[in-house]
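**Q** Dropping in data-v5.pdb, which is PDB, C-alpha atoms and all ligand atoms:
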ATOM      1  CA  MET A   1     -59.145-133.532  -1.527  1.00  0.00           C
ATOM      2  CA  ASP A   2     -57.011-136.267   0.031  1.00  0.00           C
ATOM      3  CA  ILE A   3     -53.548-136.772  -1.401  1.00  0.00           C
ATOM      4  CA  ASN A   4     -52.678-140.298  -2.512  1.00  0.00           C
ATOM      5  CA  LYS A   5     -49.301-141.432  -1.218  1.00  0.00           C
ATOM      6  CA  PRO A   6     -47.623-144.549  -2.552  1.00  0.00           C
ATOM      7  CA  LYS A   7     -47.691-147.462  -0.114  1.00  0.00           C
ATOM      8  CA  ASN A   8     -44.168-148.542  -1.100  1.00  0.00           C
ATOM      9  CA  ILE A   9     -42.249-146.096  -3.303  1.00  0.00           C
ATOM     10  CA  ASP A  10     -39.861-148.884  -4.326  1.00  0.00           C
ATOM     11  CA  ASN A  11     -42.652-151.190  -5.473  1.00  0.00           C
ATOM     12  CA  LEU A  12     -45.407-149.130  -7.070  1.00  0.00           C
ATOM     13  CA  SER A  13     -48.568-150.698  -8.470  1.00  0.00           C
ATOM     14  CA  ASN A  14     -49.249-150.000 -12.156  1.00  0.00           C
ATOM     15  CA  PHE A  15     -51.960-147.521 -11.144  1.00  0.00           C
ATOM     16  CA  GLU A  16     -49.467-145.711  -8.904  1.00  0.00           C
ATOM     17  CA  ARG A  17     -46.838-145.793 -11.662  1.00  0.00           C
ATOM     18  CA  LEU A  18     -49.323-143.877 -13.858  1.00  0.00           C
ATOM     19  CA  HIS A  19     -49.959-141.141 -11.287  1.00  0.00           C
ATOM     20  CA  VAL A  20     -47.092-140.725  -8.821  1.00  0.00           C
ATOM     21  CA  PRO A  21     -44.758-138.041 -10.209  1.00  0.00           C
ATOM     22  CA  PHE A  22     -41.382-139.253 -11.424  1.00  0.00           C
ATOM     23  CA  VAL A  23     -38.702-136.713 -10.517  1.00  0.00           C
ATOM     24  CA  GLU A  24     -35.128-136.318 -11.729  1.00  0.00           C
ATOM     25  CA  VAL A  25     -32.843-134.505  -9.287  1.00  0.00           C
ATOM     26  CA  PRO A  26     -29.459-133.335 -10.587  1.00  0.00           C
ATOM     27  CA  TYR A  27     -26.224-134.453  -8.987  1.00  0.00           C
ATOM     28  CA  ASN A  28     -23.809-132.005  -7.380  1.00  0.00           C
ATOM     29  CA  LEU A  29     -26.365-129.632  -5.880  1.00  0.00           C
ATOM     30  CA  ILE A  30     -25.035-126.428  -4.366  1.00  0.00           C
ATOM     31  CA  LYS A  31     -26.838-124.777  -1.488  1.00  0.00           C
ATOM     32  CA  GLY A  32     -28.249-121.417  -2.508  1.00  0.00           C
ATOM     33  CA  SER A  33     -27.970-122.127  -6.244  1.00  0.00           C
ATOM     34  CA  VAL A  34     -30.940-122.604  -8.534  1.00  0.00           C
ATOM     35  CA  PHE A  35     -31.400-126.155  -9.807  1.00  0.00           C
ATOM     36  CA  GLU A  36     -33.933-127.991 -11.972  1.00  0.00           C
ATOM     37  CA  LEU A  37     -36.414-130.571 -10.741  1.00  0.00           C
ATOM     38  CA  ARG A  38     -37.569-132.379 -13.874  1.00  0.00           C
ATOM     39  CA  VAL A  39     -40.990-133.968 -13.332  1.00  0.00           C
ATOM     40  CA  ARG A  40     -43.097-136.261 -15.437  1.00  0.00           C
ATOM     41  CA  VAL A  41     -46.312-138.123 -14.621  1.00  0.00           C
ATOM     42  CA  GLY A  42     -45.601-140.853 -14.084  1.00  0.00           C
ATOM     43  CA  GLU A  43     -43.131-143.691 -14.529  1.00  0.00           C
ATOM     44  CA  ILE A  44     -45.689-144.910 -17.077  1.00  0.00           C
ATOM     45  CA  MET A  45     -46.738-141.793 -19.026  1.00  0.00           C
ATOM     46  CA  HIS A  46     -50.251-140.759 -17.997  1.00  0.00           C
ATOM     47  CA  ALA A  47     -52.925-140.211 -20.671  1.00  0.00           C
ATOM     48  CA  MET A  48     -53.622-136.614 -21.748  1.00  0.00           C
ATOM     49  CA  GLU A  49     -57.002-137.138 -23.413  1.00  0.00           C
ATOM     50  CA  GLU A  50     -60.099-134.910 -23.322  1.00  0.00           C
ATOM     51  CA  GLU A  51     -61.811-137.103 -20.720  1.00  0.00           C
ATOM     52  CA  HIS A  52     -58.784-138.093 -18.650  1.00  0.00           C
ATOM     53  CA  PHE A  53     -55.694-135.966 -18.115  1.00  0.00           C
ATOM     54  CA  ILE A  54     -53.282-134.438 -15.624  1.00  0.00           C
ATOM     55  CA  THR A  55     -54.616-130.962 -14.771  1.00  0.00           C
ATOM     56  CA  GLY A  56     -51.455-129.756 -13.082  1.00  0.00           C
ATOM     57  CA  ILE A  57     -48.237-130.421 -11.189  1.00  0.00           C
ATOM     58  CA  GLU A  58     -47.416-128.657  -7.911  1.00  0.00           C
ATOM     59  CA  LEU A  59     -44.191-128.067  -5.997  1.00  0.00           C
ATOM     60  CA  HIS A  60     -44.556-127.747  -2.221  1.00  0.00           C
ATOM     61  CA  HIS A  61     -42.073-127.042   0.559  1.00  0.00           C
ATOM     62  CA  ASP A  62     -42.979-127.060   4.268  1.00  0.00           C
ATOM     63  CA  ASP A  63     -46.734-127.195   3.468  1.00  0.00           C
ATOM     64  CA  ARG A  64     -46.309-124.113   1.278  1.00  0.00           C
ATOM     65  CA  LEU A  65     -47.223-124.180  -2.410  1.00  0.00           C
ATOM     66  CA  ILE A  66     -44.198-122.794  -4.251  1.00  0.00           C
ATOM     67  CA  GLU A  67     -45.310-123.218  -7.853  1.00  0.00           C
ATOM     68  CA  LYS A  68     -48.125-124.803  -9.828  1.00  0.00           C
ATOM     69  CA  ILE A  69     -47.961-125.723 -13.501  1.00  0.00           C
ATOM     70  CA  THR A  70     -51.363-125.999 -15.206  1.00  0.00           C
ATOM     71  CA  LEU A  71     -51.727-128.669 -17.894  1.00  0.00           C
ATOM     72  CA  GLY A  72     -54.472-129.795 -20.246  1.00  0.00           C
ATOM     73  CA  PRO A  73     -55.387-132.416 -22.831  1.00  0.00           C
ATOM     74  CA  GLN A  74     -52.830-132.958 -25.591  1.00  0.00           C
ATOM     75  CA  MET A  75     -50.048-131.402 -23.486  1.00  0.00           C
ATOM     76  CA  PRO A  76     -47.180-133.584 -22.263  1.00  0.00           C
ATOM     77  CA  PRO A  77     -47.670-134.467 -18.568  1.00  0.00           C
ATOM     78  CA  LYS A  78     -44.352-133.025 -17.464  1.00  0.00           C
ATOM     79  CA  CYS A  79     -42.635-129.828 -16.380  1.00  0.00           C
ATOM     80  CA  VAL A  80     -39.436-128.372 -14.980  1.00  0.00           C
ATOM     81  CA  PHE A  81     -39.352-126.488 -11.675  1.00  0.00           C
ATOM     82  CA  ASN A  82     -36.451-124.140 -11.074  1.00  0.00           C
ATOM     83  CA  THR A  83     -35.951-123.972  -7.354  1.00  0.00           C
ATOM     84  CA  VAL A  84     -33.354-123.428  -4.665  1.00  0.00           C
ATOM     85  CA  PHE A  85     -32.584-124.798  -1.211  1.00  0.00           C
ATOM     86  CA  GLU A  86     -30.634-123.278   1.645  1.00  0.00           C
ATOM     87  CA  GLU A  87     -30.232-126.432   3.716  1.00  0.00           C
ATOM     88  CA  ASN A  88     -30.796-130.143   3.233  1.00  0.00           C
ATOM     89  CA  THR A  89     -34.535-130.495   2.890  1.00  0.00           C
ATOM     90  CA  CYS A  90     -37.445-132.307   1.247  1.00  0.00           C
ATOM     91  CA  PHE A  91     -39.894-131.112  -1.383  1.00  0.00           C
ATOM     92  CA  ARG A  92     -43.300-132.574  -2.172  1.00  0.00           C
ATOM     93  CA  ILE A  93     -44.333-132.857  -5.812  1.00  0.00           C
ATOM     94  CA  VAL A  94     -48.063-133.389  -6.396  1.00  0.00           C
ATOM     95  CA  ALA A  95     -49.716-134.425  -9.654  1.00  0.00           C
ATOM     96  CA  VAL A  96     -53.457-133.854 -10.097  1.00  0.00           C
ATOM     97  CA  CYS A  97     -55.520-136.191 -12.301  1.00  0.00           C
ATOM     98  CA  ASN A  98     -59.003-135.029 -13.261  1.00  0.00           C
ATOM     99  CA  LEU A  99     -60.414-138.513 -12.566  1.00  0.00           C
ATOM    100  CA  HIS A 100     -58.094-139.993  -9.946  1.00  0.00           C
ATOM    101  CA  GLY A 101     -57.155-137.096  -7.666  1.00  0.00           C
ATOM    102  CA  MET A 102     -53.869-135.919  -6.192  1.00  0.00           C
ATOM    103  CA  TRP A 103     -50.679-138.013  -6.078  1.00  0.00           C
ATOM    104  CA  GLU A 104     -47.556-137.171  -4.146  1.00  0.00           C
ATOM    105  CA  ARG A 105     -43.858-137.956  -4.275  1.00  0.00           C
ATOM    106  CA  VAL A 106     -41.423-136.636  -1.680  1.00  0.00           C
ATOM    107  CA  VAL A 107     -37.951-135.742  -2.950  1.00  0.00           C
ATOM    108  CA  CYS A 108     -35.162-134.913  -0.528  1.00  0.00           C
ATOM    109  CA  VAL A 109     -32.151-132.854  -1.608  1.00  0.00           C
ATOM    110  CA  ARG A 110     -28.792-132.367   0.043  1.00  0.00           C
ATOM    111  CA  ALA A 111     -25.603-130.665  -0.945  1.00  0.00           C
TER     112      ALA A 111
HETATM  113 FE    FE A 201     -55.653-140.739 -14.019  1.00  0.00          FE
END
Would you put the structure from the file into structure tokens?
Ligand SMILES: [Fe+2]
**A**
Amino acid sequence: MDINKPKNIDNLSNFERLHVPFVEVPYNLIKGSVFELRVRVGEIMHAMEEEHFITGIELHHDDRLIEKITLGPQMPPKCVFNTVFEENTCFRIVAVCNLHGMWERVVCVRA
């Protein structure tokens, strides 16, 4: 399945705002220390109905799946990943919609 990437992350369409993960990164990150990536889908909260919902949210690093949260109808389309970084790097967060496929946001962290 192809991953949808926003054409302009600073000017998302309403459809993109529904699907591209919105990620909060804490300030004052410390290399080697666990921190929280708070994710919700999306800037406009996606529906979580029986026929149309976010099936999961994935955290990737260097093309490696680190963690996947499985979601279903009636659940809030959000999660918290506890992760760590050893050097300035970028993570990919992918939301999966049962009707509209996979949607990616890249988040870079630095100490
Ligand atoms: Fe959708």
**Q** Could you list the residues chosen by the PyMOL selection byres (((chain A and resi 72) around 7) and not hetatm) in this structure as number ranges by chain?
**A** A: 53-55, 71, 73-75
**Q** Enumerate, in order of chain and increasing residue number, the residues of range 13-49 of chain A with an atom no farther than 10 Å from range 100-110 of chain A, each with its shortest atom pair and distance in Å to one decimal, counting all atoms listed in the file, as a Markdown table.
**A**
| residue | atom | partner | partner_atom | distance |
| --- | --- | --- | --- | --- |
| A:Phe15 | CA | A:His100 | CA | 9.8 |
| A:Glu16 | CA | A:Trp103 | CA | 8.3 |
| A:Leu18 | CA | A:Trp103 | CA | 9.8 |
| A:His19 | CA | A:Trp103 | CA | 6.1 |
| A:Val20 | CA | A:Trp103 | CA | 5.3 |
| A:Pro21 | CA | A:Arg105 | CA | 6.0 |
| A:Phe22 | CA | A:Arg105 | CA | 7.7 |
| A:Val23 | CA | A:Val107 | CA | 7.7 |
| A:Glu24 | CA | A:Val107 | CA | 9.2 |
| A:Val25 | CA | A:Val109 | CA | 7.9 |
| A:Pro26 | CA | A:Val109 | CA | 9.4 |
| A:Tyr27 | CA | A:Val109 | CA | 9.6 |
| A:Asn28 | CA | A:Arg110 | CA | 8.9 |
| A:Leu29 | CA | A:Arg110 | CA | 7.0 |
| A:Ile30 | CA | A:Arg110 | CA | 8.3 |
| A:Lys31 | CA | A:Arg110 | CA | 8.0 |
| A:Leu37 | CA | A:Val107 | CA | 9.5 |
| A:Val41 | CA | A:Trp103 | CA | 9.6 |
| A:Gly42 | CA | A:Trp103 | CA | 9.9 |
**Q** In Å, how far is it from CA of Leu99 in chain A to CA of His52 in chain A?
**A**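 Result for CA of Leu99 in chain A versus CA of His52 in chain A: 6.3 Å, one decimal.
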**Q** What is the CA of Asn82 in chain A to CA of Glu36 in chain A distance in Å?
**A** 4.7 Å
**Q** Could the centre and edge lengths of an axis-aligned box, enclosing all atoms of range 42-57 of chain A in the file with 8 Å extra on each side, be given in Å to one decimal as lines of an AutoDock Vina configuration file?
**A**
center_x = -52.5
center_y = -137.3
center_z = -17.3
size_x = 34.7
size_y = 31.2
size_z = 28.2
**Q** Which residues would end up in the selection if the PyMOL selection byres (((chain A and resi 66) around 12) and not hetatm) were applied here, given that I need the answer as an MDAnalysis selection string?
**A** chainID A and resid 57:65 67:69 81:84 91:94
**Q** Could you list the residues chosen by the PyMOL selection byres (((chain A and resi 78) around 8) and not hetatm) in this structure as an MDAnalysis selection string?
**A** chainID A and resid 38:41 57 76:77 79:80
**Q** I'd like to know which of A:Asp2, A:Glu51, A:Asp10, A:Glu43 is closest to ligand FE 201 (chain A), using all atoms listed in the file.
**A** A:Glu51
**Q** Which value, in Å to one decimal, gives the distance between CA of Ile3 in chain A and CA of Ala95 in chain A?
**A** 9.4 Å
**Q** Do you know which residues are at most 9 Å from Gly32 in chain A counting all atoms listed in the file, after dropping those on the same chain fewer than 5 positions away, and could you put them as a ChimeraX atom specification?
**A** /A:84-87
**Q** Could you tell me which of A:Asn98, A:Ile44, A:Glu50, A:Asn8 comes closest to ligand FE 201 (chain A) if we count all atoms listed in the file?
**A**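 The answer is A:Asn98, which sits nearest to ligand FE 201 (chain A).
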**Q** For each of A:Leu12, A:Ala111, A:Ala47, A:Cys90, take the minimum atom-to-atom distance to ligand FE 201 (chain A), counting only C-alpha atoms and all ligand atoms, then give the residue where this is smallest.
**A** A:Ala47
**Q** Check the smallest atom-to-atom distance from each of A:Thr70, A:Ser13, A:Thr89, A:Met48 to ligand FE 201 (chain A) using all atoms listed in the file, then report the winner.
**A**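 Using all atoms listed in the file, ligand FE 201 (chain A) sits closest to A:Met48.
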**Q** A:Gly56, A:Ser33, A:His46, A:Ile9: which is nearest ligand FE 201 (chain A), counting all atoms listed in the file?
**A**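 Among A:Gly56, A:Ser33, A:His46, A:Ile9, it is A:His46 that comes nearest to ligand FE 201 (chain A).
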**Q** Pick from A:Asn88, A:Asn11, A:Val34, A:Asn4: nearest to ligand FE 201 (chain A), with only C-alpha atoms and all ligand atoms counted?
**A** A:Asn4
